[in-house]
There are 2 protein chains.
Amino acid sequence: MGTGPSRYDGSSERHIPADQATVRRTNLGLVLRHLRDSGPRSRARIAQETGLNKATVSSLVAELAERRLVSTGDVDRAGSVGRPGLTVHLDGACVCGIGVELNVDYAAALVLDLRGQVLFEQRLALDVPALGAERTLDAVAGLVTEAVAATAGRGARPVGLTVAVAGLVRSVDGVVTLAPNIGWRDVAVLDGLRARLDVDFPIRVENDANLSAIAEWAMGSEARTPDLVYLTGEVGVGGGVIVAGRLLRGAGGLSGEVGHTSLGDPDAVCGCGRRGCWETVVGLAALLRAAADPGDPVHDPGRDLEARLAEVARRAGDGDLRTLAALQQVGRSLGTGAAVLVNLFNPGVVILGGYFAVLGPFFLEPLQAELEARVLGPGVAGARVALSTLGFTAAVRGGAHVALETVFDDPTLVPVPAALEPAGAR
Amino acid sequence: MGTGPSRYDGSSERHIPADQATVRRTNLGLVLRHLRDSGPRSRARIAQETGLNKATVSSLVAELAERRLVSTGDVDRAGSVGRPGLTVHLDGACVCGIGVELNVDYAAALVLDLRGQVLFEQRLALDVPALGAERTLDAVAGLVTEAVAATAGRGARPVGLTVAVAGLVRSVDGVVTLAPNIGWRDVAVLDGLRARLDVDFPIRVENDANLSAIAEWAMGSEARTPDLVYLTGEVGVGGGVIVAGRLLRGAGGLSGEVGHTSLGDPDAVCGCGRRGCWETVVGLAALLRAAADPGDPVHDPGRDLEARLAEVARRAGDGDLRTLAALQQVGRSLGTGAAVLVNLFNPGVVILGGYFAVLGPFFLEPLQAELEARVLGPGVAGARVALSTLGFTAAVRGGAHVALETVFDDPTLVPVPAALEPAGAR
């Protein structure tokens, strides 16, 4: 709007071709998303369910098939009173999205094809604070290169890369403005990766918990719950919020900051220099400190985190009083903070990820008790608590999903294979 | 989607008339909203700025004029290189929206016409907790009847009524599930008003702070800031949040609950029975208790609230140390809670309403200091703090605005005047 008088030439017809192309792209995406979300079905059923007419659907499916994003399979006998049609289903093994996570003590990569199948997965132990930004970005670039090579071998072309970072990310230019646990301030992750990678697909940088929330919404056990709060505990504590089916970004993409927010004991001093940060009472360090003496092997950052958490769970299962008290205390503190989030966001579900999910069975009872005591809305305002089933892969799955969204937004970005042949072939 | 096979009849053409009518309604609303948001302009400019073609715009404007929602005025010389056209502007003095607020100690009504002009305004002192639900609803119904009569005399037909209540509202059926300061639990406000009012327009019930947030977004000093947090202090403390230009509702319409959320001193006991409620440190009672002895006239609920607040401001202006210390303390507590909201929502602006706005100049410094100390994002994550300019009318303005939205969503709901004449006249 308000493009100024000089751009007005009196002939609105000139815009029509562009609009038709936009409508076509939107409808291609609509059909592709419908197949992803609702499963394989006939053209007739797609028409019926999307409101598009049958001729249009046939033409759209033909174009999607030409771009190798869908293919046709068995006869669909549901959803039509006429002649049964062949089912159309997502193919898309030829395109993929890459998700990479950069956390305090590891980097991970995961590649999904259009159907959500995992094509590649890798996790690298990395002491990021000690390594520094440049060498960390070298390692991340190496991980991406490996992922690209592995998927190329399977005939899949990456359409995008999303890098999840455990810190405040200015997504507009991919700068990590502040990552207290990594010790980074104003690190240009996007530019650093662009300089290291010779790739033709877009790269984005996002907060890790935001991407995990997207993964839960897209493929978690509580998928498609319109209002969803995701909380993850690792070295730091992160939050991501889905509001009415969309990620809450806020004015500058900094929303969902929970770890360094006064949601716990207001007097506890945090490593970031503030008081009352939630991380001081629900972060991994807080749990381990309460559960075991300093020399105990569960504190050893050199040991695999999942093995250390399994050891804590084993002790709790054996009835070790100190371990149980520590879990009880962290569960209560999770509840006091979660109650604030439930009062503010009124989510349908609160999903616990990271170590909160691994030890979740021990947290649920004290957490629920705090919610019941502190949430104003009757019946905890209808909020359920669920443990993530995505494990530590939520952020990379969310990243790969976001990378693939470009194809659902505009399927014409995926070239017709013939166009890749020598010039003149078409 | 998924309407089931039995409804599919194979002829998509049958849907086309309905679709065309939908497109027509959408475009009528688009033009009407554009005139509201961007001001009077020629048909040519509307076409240029909305992307609709000129013939369509002329036809849409003709229909809107027929329904008396727009009229044409002066020559518009901007925005067109061709023959200058007459400006079209919102008329709509014949339709209006009614907003009513029900708070602890008053009920208020305000009526807006389509252009946002106030047609009627009234405020009624009311001891709602003492009066009980039935007699309160009698009073509210009386207020509505008065508003309808006053606007009918001016030729304006109400298109809707929105009732703002200071409590948790289940908007789907208009039940106030819990209003701690009023002392209500499960009061059927919508049904109660329907039984008392013989009106043909829709009635909605909403949380007061949510409607105030909408008013700030639509007509406040920070209007159209996409991410906005509104906080109001009256007897209770309320919050409303706009996310990407839309009200945050949450799964059950209970979002934005701040007053009874642990955002302050965790040990303070609240009237609601919980500990740590923000209201205990930033509610009006907390300020007055800190500022003056029990016998002081500023405590007298029989005196006008604005006069009592003016007295507090006068004392602070005169340098009264106890008053200044109380304001300083409340400002700090406002800051600790606001910091949580800024970390979570990353708003472009935090707007203070109710008594927070009246005494705002005294709160801003300590509030800003807490934000700077507690918000993780650099530069308070870019959040400004602003004082509402809507005074105590924000909720009723938001209510009237929401009532009018039905006309912008579907201008054909407003009948062509001839249709109101005796049958056969058209």
# chains A, B, ... in the order shown; residues from 1 in each chain; ligands from 1
>>> residues_around(residues="region 206-209 of chain B", least_positions_apart="5", cutoff="9 Å", atoms="only C-alpha atoms", output="ChimeraX atom specification")
/B:101-103,162-171,174,176,214,230-232,237-241,253-254,256,394-396,398-399
>>> residues_around(residues="region 110-124 of chain A", least_positions_apart="3", cutoff="6 Å", atoms="only C-alpha atoms", output="number ranges by chain")
A: 92-93, 95-99, 106-107, 396, 400
>>> write_last_selection(atoms="all heavy atoms", output="PDB file, in the first residue's frame")
ATOM      1  N   GLY A  92       8.896 -36.299  -3.150  1.00  0.00           N
ATOM      2  CA  GLY A  92       9.832 -35.347  -2.596  1.00  0.00           C
ATOM      3  C   GLY A  92      11.067 -35.955  -1.982  1.00  0.00           C
ATOM      4  O   GLY A  92      11.709 -35.354  -1.121  1.00  0.00           O
ATOM      5  N   ALA A  93      11.428 -37.174  -2.388  1.00  0.00           N
ATOM      6  CA  ALA A  93      12.697 -37.724  -1.912  1.00  0.00           C
ATOM      7  C   ALA A  93      13.859 -36.984  -2.565  1.00  0.00           C
ATOM      8  O   ALA A  93      15.012 -37.162  -2.181  1.00  0.00           O
ATOM      9  CB  ALA A  93      12.775 -39.214  -2.224  1.00  0.00           C
ATOM     10  N   VAL A  95      14.125 -33.651  -2.684  1.00  0.00           N
ATOM     11  CA  VAL A  95      14.481 -32.411  -1.986  1.00  0.00           C
ATOM     12  C   VAL A  95      14.566 -32.690  -0.490  1.00  0.00           C
ATOM     13  O   VAL A  95      13.921 -33.606   0.028  1.00  0.00           O
ATOM     14  CB  VAL A  95      13.461 -31.266  -2.226  1.00  0.00           C
ATOM     15  CG1 VAL A  95      13.414 -30.870  -3.689  1.00  0.00           C
ATOM     16  CG2 VAL A  95      12.086 -31.653  -1.733  1.00  0.00           C
ATOM     17  N   CYS A  96      15.375 -31.889   0.194  1.00  0.00           N
ATOM     18  CA  CYS A  96      15.515 -32.075   1.635  1.00  0.00           C
ATOM     19  C   CYS A  96      15.860 -30.759   2.310  1.00  0.00           C
ATOM     20  O   CYS A  96      16.303 -29.808   1.669  1.00  0.00           O
ATOM     21  CB  CYS A  96      16.588 -33.120   1.943  1.00  0.00           C
ATOM     22  SG  CYS A  96      18.227 -32.662   1.366  1.00  0.00           S
ATOM     23  N   GLY A  97      15.598 -30.705   3.624  1.00  0.00           N
ATOM     24  CA  GLY A  97      15.941 -29.541   4.430  1.00  0.00           C
ATOM     25  C   GLY A  97      16.939 -29.951   5.496  1.00  0.00           C
ATOM     26  O   GLY A  97      16.872 -31.056   6.030  1.00  0.00           O
ATOM     27  N   ILE A  98      17.874 -29.063   5.786  1.00  0.00           N
ATOM     28  CA  ILE A  98      18.923 -29.372   6.762  1.00  0.00           C
ATOM     29  C   ILE A  98      18.718 -28.548   8.027  1.00  0.00           C
ATOM     30  O   ILE A  98      18.549 -27.329   7.953  1.00  0.00           O
ATOM     31  CB  ILE A  98      20.323 -29.059   6.194  1.00  0.00           C
ATOM     32  CG1 ILE A  98      20.515 -29.744   4.830  1.00  0.00           C
ATOM     33  CG2 ILE A  98      21.416 -29.470   7.177  1.00  0.00           C
ATOM     34  CD1 ILE A  98      21.834 -29.386   4.172  1.00  0.00           C
ATOM     35  N   GLY A  99      18.743 -29.213   9.172  1.00  0.00           N
ATOM     36  CA  GLY A  99      18.736 -28.526  10.451  1.00  0.00           C
ATOM     37  C   GLY A  99      20.039 -28.779  11.182  1.00  0.00           C
ATOM     38  O   GLY A  99      20.524 -29.912  11.209  1.00  0.00           O
ATOM     39  N   TYR A 106      27.739 -29.359  22.198  1.00  0.00           N
ATOM     40  CA  TYR A 106      27.652 -30.207  21.008  1.00  0.00           C
ATOM     41  C   TYR A 106      27.151 -29.419  19.813  1.00  0.00           C
ATOM     42  O   TYR A 106      26.582 -28.335  19.946  1.00  0.00           O
ATOM     43  CB  TYR A 106      26.742 -31.413  21.253  1.00  0.00           C
ATOM     44  CG  TYR A 106      25.280 -31.081  21.495  1.00  0.00           C
ATOM     45  CD1 TYR A 106      24.407 -30.860  20.430  1.00  0.00           C
ATOM     46  CD2 TYR A 106      24.770 -31.000  22.790  1.00  0.00           C
ATOM     47  CE1 TYR A 106      23.066 -30.555  20.650  1.00  0.00           C
ATOM     48  CE2 TYR A 106      23.442 -30.702  23.013  1.00  0.00           C
ATOM     49  CZ  TYR A 106      22.592 -30.476  21.950  1.00  0.00           C
ATOM     50  OH  TYR A 106      21.287 -30.177  22.178  1.00  0.00           O
ATOM     51  N   ALA A 107      27.393 -30.001  18.643  1.00  0.00           N
ATOM     52  CA  ALA A 107      26.731 -29.543  17.422  1.00  0.00           C
ATOM     53  C   ALA A 107      26.080 -30.782  16.837  1.00  0.00           C
ATOM     54  O   ALA A 107      26.597 -31.894  16.965  1.00  0.00           O
ATOM     55  CB  ALA A 107      27.737 -28.942  16.451  1.00  0.00           C
ATOM     56  N   VAL A 396      16.933 -29.601  15.722  1.00  0.00           N
ATOM     57  CA  VAL A 396      17.384 -29.881  14.343  1.00  0.00           C
ATOM     58  C   VAL A 396      16.211 -30.298  13.463  1.00  0.00           C
ATOM     59  O   VAL A 396      16.156 -29.962  12.279  1.00  0.00           O
ATOM     60  CB  VAL A 396      18.516 -30.933  14.289  1.00  0.00           C
ATOM     61  CG1 VAL A 396      19.828 -30.285  14.712  1.00  0.00           C
ATOM     62  CG2 VAL A 396      18.218 -32.162  15.142  1.00  0.00           C
ATOM     63  N   ALA A 400      15.152 -28.329  10.091  1.00  0.00           N
ATOM     64  CA  ALA A 400      14.962 -28.970   8.788  1.00  0.00           C
ATOM     65  C   ALA A 400      13.551 -28.687   8.261  1.00  0.00           C
ATOM     66  O   ALA A 400      13.348 -28.422   7.072  1.00  0.00           O
ATOM     67  CB  ALA A 400      15.186 -30.477   8.913  1.00  0.00           C
TER      68      ALA A 400
END
>>> residues_around(residues="Ser42 (chain B)", least_positions_apart="4", cutoff="6 Å", atoms="only C-alpha atoms", output="ChimeraX atom specification")
/B:76,85-88
>>> write_last_selection(atoms="C-alpha atoms", output="PDB file, in the first residue's frame")
ATOM      1  CA  ASP B  76      -8.495  14.300  -4.477  1.00  0.00           C
ATOM      2  CA  GLY B  85     -11.476  11.990  -8.668  1.00  0.00           C
ATOM      3  CA  LEU B  86     -13.746  12.861  -5.778  1.00  0.00           C
ATOM      4  CA  THR B  87     -12.500  11.612  -2.423  1.00  0.00           C
ATOM      5  CA  VAL B  88     -14.423   8.820  -0.787  1.00  0.00           C
TER       6      VAL B  88
END
>>> closest_residue(among="B:Asn343, B:Ser59, B:Gln20, B:Gln368", to="chain A", atoms="only C-alpha atoms")
B:Asn343
>>> atom_distance(atom1="CA of Gly259 (chain B)", atom2="CA of Phe345 (chain A)")
13.8 Å
>>> residues_around(residues="Thr50 (chain A)", least_positions_apart="3", cutoff="10 Å", atoms="only C-alpha atoms", output="PyMOL selection string")
(chain A and resi 27+30-31+34+45-47+53+57) or (chain B and resi 1-2)
>>> closest_residue(among="A:Ala291, A:Arg374, A:Leu321, A:Gly302", to="Gly276 (chain B)", atoms="only C-alpha atoms")
A:Arg374
>>> closest_residue(among="A:Ala44, A:Leu131, A:Ala141, A:Val281", to="chain B", atoms="only C-alpha atoms")
A:Ala44
>>> closest_residue(among="B:Glu372, B:Glu134, B:Glu216, B:Asp320", to="chain A", atoms="only C-alpha atoms")
B:Glu372
>>> select_by_dssp(residues="region 24-144 of chain A", states="helix (DSSP H, G or I)", output="number ranges by chain")
A: 24-38, 43-50, 54-66, 128-131, 133-144
>>> select_by_dssp(residues="region 228-421 of chain B", states="strand (DSSP E)", output="PyMOL selection string")
chain B and resi 228-233+237-243+246-247+349-354+384-387
>>> write_last_selection(atoms="C-alpha atoms", output="tab-separated table (two decimals), in the first residue's frame")
chain	number	residue	atom	x	y	z
B	228	LEU	CA	2.16	-4.73	22.13
B	229	VAL	CA	1.71	-5.51	25.83
B	230	TYR	CA	-0.97	-3.56	27.70
B	231	LEU	CA	-1.04	-3.42	31.49
B	232	THR	CA	-3.76	-1.77	33.50
B	233	GLY	CA	-3.93	-1.02	37.20
B	237	VAL	CA	-4.25	-5.58	37.64
B	238	GLY	CA	-4.90	-6.77	34.09
B	239	GLY	CA	-2.90	-7.58	30.99
B	240	GLY	CA	-3.69	-7.85	27.29
B	241	VAL	CA	-1.23	-8.82	24.58
B	242	ILE	CA	-1.26	-8.13	20.86
B	243	VAL	CA	0.93	-10.57	18.89
B	246	ARG	CA	-3.81	-9.88	16.71
B	247	LEU	CA	-5.07	-10.32	20.23
B	349	VAL	CA	5.94	-1.30	23.34
B	350	VAL	CA	4.59	-1.81	26.85
B	351	ILE	CA	1.60	0.47	27.44
B	352	LEU	CA	0.55	1.39	30.96
B	353	GLY	CA	-3.16	2.06	31.45
B	354	GLY	CA	-5.57	2.73	34.29
B	384	ARG	CA	9.55	1.19	24.72
B	385	VAL	CA	7.32	2.05	27.67
B	386	ALA	CA	4.37	4.35	26.95
B	387	LEU	CA	1.52	5.75	29.01
>>> closest_residue(among="B:Asp410, B:Asp138, B:Asp265, B:Glu222", to="chain A", atoms="only C-alpha atoms")
B:Asp265
>>> atom_distance(atom1="CA of Leu32 (chain B)", atom2="CA of Leu52 (chain A)")
28.1 Å
